[in-house]
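Following: one structure in structure tokens, then a few remarks.
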Amino acid sequence: MLRDDFALTKRHLGLILLVLGGLATLGLLSIDPLAALLHRLGNDLLPADRQVGIGPRQALALAGSVLMVLAGLSLVPLGSGLAALLPVVPPVQLSGRWALARRILLGLVVAALLLYLAVYVYYAVNVIVFPFDYDQGEGFELVDTIMFSQFRWPYQDTETFPFYSSNYPPLFHVIAVPFVWLFGPAYWYGRLLGFLGTLITAAAIGYAVYRAERYRAIAVVSGLAYLASNYIYHVGPLFRQHLFMVMLEVLAVVV
């Protein structure tokens, strides 16, 4: 039961959009992995003739759910106790035509970055559900993860059989180990971890900018600009730990 004095605020609406958009995004990304798991268990959730991947309707629904999350983030107040230690610098106040021009340019920038984000999400989803290696380094990352799941040490002598040794730090692989136990060797969960890491990094960048400048629009642009990078587009959805490490570094700086 709601209290008599309850009022729906922008913060409540933002949290609702965040939860619904996040659940919708997670559900859309989980369709193929869940169907594959149920198929292994003898239960076919989807029609046998359905192609693996994201079709136009699913891509449109995924883009809508991501936009819902972004809308929720724009409504939830971003605050921190550390903000009180920083000087609050209000944005430059413009009037007349200059103010209108600034709003139009900022709107165009946000629209362009949202288009970049939609393309990135569409590309990432299709790479995540691709069953084979998409980058030459993904196989090494998967082998390391499998060895850790078997409690084996991947840092071995390359002069003895099987002539393999890893040059990657172990944290990313250790985080992916439970997925090996649950789903077996596959590329999708490492790719999903990398992709989610880029989204968390973008959110952390936006939060850091907002905490310092208290200017919501520029904070959104800063986070989206990170995701618009060509390097993020190429490496973000792969089973590679590079950008996951960047996420940890950014969080260490922000927190």
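By convention here, the chains of the structure tokens are called A, B, ... in the order presented, each chain's residues are numbered starting at 1, and ligands are numbered starting at 1 in the order presented.
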Pick out the residues sitting within 10 Å of stretch 160-164 of chain A, and hand them over as a list of chain:residue names; count only C-alpha atoms, and ignore anything fewer than 4 positions along from it in its own chain.
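Answer for this query is A:Phe140, A:Val143, A:Pro154, A:Tyr155, A:Gln156.
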Suppose we keep N, CA, C and O atoms; can you now write the selection as an mmCIF file, in the first residue's frame?
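Just written: selection04.cif:
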```
data_model
loop_
_atom_site.group_PDB
_atom_site.id
_atom_site.type_symbol
_atom_site.label_atom_id
_atom_site.label_comp_id
_atom_site.auth_asym_id
_atom_site.auth_seq_id
_atom_site.Cartn_x
_atom_site.Cartn_y
_atom_site.Cartn_z
ATOM 1 N N PHE A 140 43.071 -17.849 -26.818
ATOM 2 C CA PHE A 140 43.981 -17.878 -25.674
ATOM 3 C C PHE A 140 43.250 -17.511 -24.373
ATOM 4 O O PHE A 140 43.464 -18.131 -23.325
ATOM 5 N N VAL A 143 41.096 -20.503 -23.395
ATOM 6 C CA VAL A 143 41.907 -21.605 -22.861
ATOM 7 C C VAL A 143 42.352 -21.297 -21.436
ATOM 8 O O VAL A 143 42.305 -22.169 -20.547
ATOM 9 N N PRO A 154 47.863 -21.731 -15.904
ATOM 10 C CA PRO A 154 48.159 -21.510 -17.330
ATOM 11 C C PRO A 154 49.550 -20.953 -17.599
ATOM 12 O O PRO A 154 49.946 -20.845 -18.759
ATOM 13 N N TYR A 155 50.278 -20.593 -16.563
ATOM 14 C CA TYR A 155 51.614 -20.016 -16.739
ATOM 15 C C TYR A 155 52.641 -21.148 -16.654
ATOM 16 O O TYR A 155 53.193 -21.441 -15.597
ATOM 17 N N GLN A 156 52.875 -21.784 -17.818
ATOM 18 C CA GLN A 156 53.676 -22.990 -17.858
ATOM 19 C C GLN A 156 54.950 -22.777 -18.665
ATOM 20 O O GLN A 156 55.175 -21.738 -19.267
#
```
I'd like the neighbourhood of A:Gly64 as a VMD selection string, where a residue qualifies if any of its atoms comes within 12 Å (using only C-alpha atoms), though same-chain residues fewer than 2 positions away should be ignored.
chain A and resid 17 20 to 22 24 to 25 28 57 to 62 66 to 71 114 to 115 117 to 118 121 to 122
Any chance you can output those residues with N, CA, C and O atoms as a JSON list (two decimals), in the first residue's frame?
```
[["chain", "number", "residue", "atom", "x", "y", "z"],
["A", 17, "LEU", "N", 12.56, 3.19, -14.84],
["A", 17, "LEU", "CA", 13.09, 3.02, -16.20],
["A", 17, "LEU", "C", 14.40, 2.24, -16.18],
["A", 17, "LEU", "O", 14.65, 1.41, -17.07],
["A", 20, "LEU", "N", 13.42, -1.54, -15.47],
["A", 20, "LEU", "CA", 12.74, -2.15, -16.61],
["A", 20, "LEU", "C", 13.67, -2.26, -17.83],
["A", 20, "LEU", "O", 13.72, -3.30, -18.49],
["A", 21, "GLY", "N", 14.41, -1.18, -18.12],
["A", 21, "GLY", "CA", 15.34, -1.22, -19.25],
["A", 21, "GLY", "C", 16.45, -2.22, -19.05],
["A", 21, "GLY", "O", 16.84, -2.94, -19.97],
["A", 22, "GLY", "N", 16.98, -2.29, -17.81],
["A", 22, "GLY", "CA", 18.04, -3.27, -17.54],
["A", 22, "GLY", "C", 17.56, -4.70, -17.67],
["A", 22, "GLY", "O", 18.24, -5.55, -18.24],
["A", 24, "ALA", "N", 14.98, -5.73, -19.46],
["A", 24, "ALA", "CA", 14.71, -6.00, -20.87],
["A", 24, "ALA", "C", 15.99, -6.26, -21.65],
["A", 24, "ALA", "O", 16.06, -7.18, -22.46],
["A", 25, "THR", "N", 17.02, -5.46, -21.38],
["A", 25, "THR", "CA", 18.30, -5.67, -22.07],
["A", 25, "THR", "C", 18.90, -7.03, -21.72],
["A", 25, "THR", "O", 19.36, -7.76, -22.59],
["A", 28, "LEU", "N", 16.89, -9.82, -23.47],
["A", 28, "LEU", "CA", 17.15, -9.94, -24.90],
["A", 28, "LEU", "C", 18.52, -10.56, -25.17],
["A", 28, "LEU", "O", 18.68, -11.35, -26.11],
["A", 57, "ARG", "N", 13.72, -6.98, -35.43],
["A", 57, "ARG", "CA", 12.79, -6.67, -34.35],
["A", 57, "ARG", "C", 13.49, -6.71, -32.98],
["A", 57, "ARG", "O", 13.27, -5.84, -32.14],
["A", 58, "GLN", "N", 14.32, -7.74, -32.80],
["A", 58, "GLN", "CA", 15.04, -7.82, -31.53],
["A", 58, "GLN", "C", 16.02, -6.66, -31.38],
["A", 58, "GLN", "O", 16.20, -6.13, -30.28],
["A", 59, "ALA", "N", 16.66, -6.27, -32.48],
["A", 59, "ALA", "CA", 17.59, -5.14, -32.41],
["A", 59, "ALA", "C", 16.87, -3.85, -32.07],
["A", 59, "ALA", "O", 17.36, -3.04, -31.27],
["A", 60, "LEU", "N", 15.67, -3.67, -32.63],
["A", 60, "LEU", "CA", 14.89, -2.48, -32.31],
["A", 60, "LEU", "C", 14.47, -2.49, -30.84],
["A", 60, "LEU", "O", 14.54, -1.46, -30.15],
["A", 61, "ALA", "N", 14.05, -3.67, -30.34],
["A", 61, "ALA", "CA", 13.67, -3.77, -28.94],
["A", 61, "ALA", "C", 14.87, -3.54, -28.03],
["A", 61, "ALA", "O", 14.76, -2.89, -26.98],
["A", 62, "LEU", "N", 16.05, -4.04, -28.43],
["A", 62, "LEU", "CA", 17.25, -3.84, -27.63],
["A", 62, "LEU", "C", 17.65, -2.37, -27.59],
["A", 62, "LEU", "O", 18.02, -1.84, -26.54],
["A", 66, "VAL", "N", 17.88, -0.01, -24.22],
["A", 66, "VAL", "CA", 19.07, 0.76, -23.87],
["A", 66, "VAL", "C", 18.72, 2.24, -23.71],
["A", 66, "VAL", "O", 19.18, 2.92, -22.78],
["A", 67, "LEU", "N", 17.89, 2.76, -24.60],
["A", 67, "LEU", "CA", 17.44, 4.15, -24.49],
["A", 67, "LEU", "C", 16.64, 4.35, -23.20],
["A", 67, "LEU", "O", 16.71, 5.41, -22.58],
["A", 68, "MET", "N", 15.90, 3.33, -22.79],
["A", 68, "MET", "CA", 15.14, 3.41, -21.54],
["A", 68, "MET", "C", 16.10, 3.54, -20.35],
["A", 68, "MET", "O", 15.87, 4.32, -19.43],
["A", 69, "VAL", "N", 17.19, 2.77, -20.39],
["A", 69, "VAL", "CA", 18.19, 2.86, -19.32],
["A", 69, "VAL", "C", 18.81, 4.24, -19.30],
["A", 69, "VAL", "O", 19.00, 4.85, -18.23],
["A", 70, "LEU", "N", 19.15, 4.77, -20.47],
["A", 70, "LEU", "CA", 19.75, 6.10, -20.53],
["A", 70, "LEU", "C", 18.79, 7.17, -20.04],
["A", 70, "LEU", "O", 19.19, 8.11, -19.34],
["A", 71, "ALA", "N", 17.50, 7.02, -20.39],
["A", 71, "ALA", "CA", 16.51, 7.97, -19.89],
["A", 71, "ALA", "C", 16.40, 7.89, -18.37],
["A", 71, "ALA", "O", 16.28, 8.91, -17.68],
["A", 114, "LEU", "N", 24.11, 8.85, -29.62],
["A", 114, "LEU", "CA", 23.13, 7.79, -29.40],
["A", 114, "LEU", "C", 23.04, 6.86, -30.61],
["A", 114, "LEU", "O", 22.85, 5.64, -30.45],
["A", 115, "LEU", "N", 23.22, 7.40, -31.79],
["A", 115, "LEU", "CA", 23.27, 6.56, -32.99],
["A", 115, "LEU", "C", 24.49, 5.65, -32.94],
["A", 115, "LEU", "O", 24.40, 4.45, -33.26],
["A", 117, "LEU", "N", 25.88, 4.62, -30.26],
["A", 117, "LEU", "CA", 25.59, 3.63, -29.23],
["A", 117, "LEU", "C", 24.70, 2.52, -29.76],
["A", 117, "LEU", "O", 24.92, 1.33, -29.48],
["A", 118, "ALA", "N", 23.66, 2.87, -30.54],
["A", 118, "ALA", "CA", 22.77, 1.87, -31.10],
["A", 118, "ALA", "C", 23.53, 0.91, -32.02],
["A", 118, "ALA", "O", 23.33, -0.31, -31.98],
["A", 121, "VAL", "N", 25.72, -1.39, -29.81],
["A", 121, "VAL", "CA", 24.95, -2.43, -29.14],
["A", 121, "VAL", "C", 24.53, -3.51, -30.13],
["A", 121, "VAL", "O", 24.62, -4.72, -29.84],
["A", 122, "TYR", "N", 24.09, -3.10, -31.32],
["A", 122, "TYR", "CA", 23.67, -4.07, -32.34],
["A", 122, "TYR", "C", 24.85, -4.96, -32.74],
["A", 122, "TYR", "O", 24.71, -6.19, -32.84]]
```
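Taking atom CA of A:Thr9 and atom CA of A:Gly206 as the two end points, the separation is 22.5 Å.
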Using only C-alpha atoms, find the one residue out of A:Phe148, A:Trp181, A:Tyr207, A:Phe130 that sits nearest to A:Pro169.
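That would be A:Phe148, the residue with the smallest distance to A:Pro169.
Minimum atom-to-atom distances from A:Leu142, A:Ala203, A:Ala228, A:Ile16 to A:Val180 were compared using only C-alpha atoms, and the lowest value belongs to A:Leu142.
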Would you mind telling me which residue in A:His12, A:Tyr210, A:His173, A:Gly223 lies nearest to A:Tyr189 when using only C-alpha atoms?
A:His173
What's the 10 Å shell around A:Tyr120, counting only C-alpha atoms, without same-chain residues fewer than 6 positions away, as a PDB file with N, CA, C and O atoms, in the first residue's frame?
```pdb
ATOM      1  N   LEU A 114      24.110   8.846 -29.616  1.00  0.00           N
ATOM      2  CA  LEU A 114      23.126   7.786 -29.401  1.00  0.00           C
ATOM      3  C   LEU A 114      23.045   6.857 -30.606  1.00  0.00           C
ATOM      4  O   LEU A 114      22.847   5.643 -30.455  1.00  0.00           O
ATOM      5  N   PHE A 195      31.793  -6.507 -22.886  1.00  0.00           N
ATOM      6  CA  PHE A 195      30.819  -5.501 -23.327  1.00  0.00           C
ATOM      7  C   PHE A 195      30.235  -4.742 -22.142  1.00  0.00           C
ATOM      8  O   PHE A 195      30.155  -3.505 -22.141  1.00  0.00           O
ATOM      9  N   LEU A 227      32.087   5.401 -25.641  1.00  0.00           N
ATOM     10  CA  LEU A 227      31.537   4.265 -26.372  1.00  0.00           C
ATOM     11  C   LEU A 227      31.586   4.479 -27.882  1.00  0.00           C
ATOM     12  O   LEU A 227      31.480   3.517 -28.642  1.00  0.00           O
ATOM     13  N   ALA A 228      31.705   5.722 -28.334  1.00  0.00           N
ATOM     14  CA  ALA A 228      31.764   6.010 -29.763  1.00  0.00           C
ATOM     15  C   ALA A 228      33.156   5.794 -30.342  1.00  0.00           C
ATOM     16  O   ALA A 228      33.333   5.891 -31.561  1.00  0.00           O
ATOM     17  N   SER A 229      34.135   5.495 -29.490  1.00  0.00           N
ATOM     18  CA  SER A 229      35.500   5.277 -29.974  1.00  0.00           C
ATOM     19  C   SER A 229      35.554   4.041 -30.869  1.00  0.00           C
ATOM     20  O   SER A 229      34.918   3.012 -30.586  1.00  0.00           O
ATOM     21  N   ASN A 230      36.323   4.118 -31.931  1.00  0.00           N
ATOM     22  CA  ASN A 230      36.469   2.984 -32.843  1.00  0.00           C
ATOM     23  C   ASN A 230      37.128   1.795 -32.145  1.00  0.00           C
ATOM     24  O   ASN A 230      36.797   0.638 -32.423  1.00  0.00           O
ATOM     25  N   ILE A 232      36.855   1.005 -28.941  1.00  0.00           N
ATOM     26  CA  ILE A 232      35.830   0.383 -28.086  1.00  0.00           C
ATOM     27  C   ILE A 232      34.898  -0.455 -28.939  1.00  0.00           C
ATOM     28  O   ILE A 232      34.521  -1.574 -28.563  1.00  0.00           O
ATOM     29  N   TYR A 233      34.502   0.079 -30.098  1.00  0.00           N
ATOM     30  CA  TYR A 233      33.620  -0.662 -31.003  1.00  0.00           C
ATOM     31  C   TYR A 233      34.249  -1.988 -31.423  1.00  0.00           C
ATOM     32  O   TYR A 233      33.571  -3.019 -31.469  1.00  0.00           O
ATOM     33  N   HIS A 234      35.535  -1.986 -31.700  1.00  0.00           N
ATOM     34  CA  HIS A 234      36.189  -3.188 -32.194  1.00  0.00           C
ATOM     35  C   HIS A 234      36.472  -4.207 -31.092  1.00  0.00           C
ATOM     36  O   HIS A 234      36.235  -5.409 -31.267  1.00  0.00           O
ATOM     37  N   GLY A 236      35.489  -3.984 -27.618  1.00  0.00           N
ATOM     38  CA  GLY A 236      34.559  -4.074 -26.497  1.00  0.00           C
ATOM     39  C   GLY A 236      33.798  -5.380 -26.397  1.00  0.00           C
ATOM     40  O   GLY A 236      33.726  -5.996 -25.325  1.00  0.00           O
ATOM     41  N   PRO A 237      33.193  -5.894 -27.494  1.00  0.00           N
ATOM     42  CA  PRO A 237      32.389  -7.116 -27.382  1.00  0.00           C
ATOM     43  C   PRO A 237      33.174  -8.407 -27.577  1.00  0.00           C
ATOM     44  O   PRO A 237      32.573  -9.454 -27.789  1.00  0.00           O
TER      45      PRO A 237
END
```
Tell me, as a ChimeraX atom specification, which residues lie within 7 Å of stretch 196-200 of chain A, counting only C-alpha atoms; anything in the same chain fewer than 3 positions away does not count.
/A:192-193,203-204,236,243-244,247
What does the distance from atom CA of A:Ala176 to atom CA of A:Asp144 come to in Å, to one decimal?
10.1 Å
Minimum-distance residue to A:Tyr123, chosen among A:Ile218, A:Pro170, A:Gln150, A:Leu238 (using only C-alpha atoms)
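Nearest to A:Tyr123: A:Leu238.
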One-decimal distance in Å that lies between atom CA of A:Val19 and atom CA of A:Ala252:
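Going from atom CA of A:Ala252 over to atom CA of A:Val19, I get 25.4 Å.
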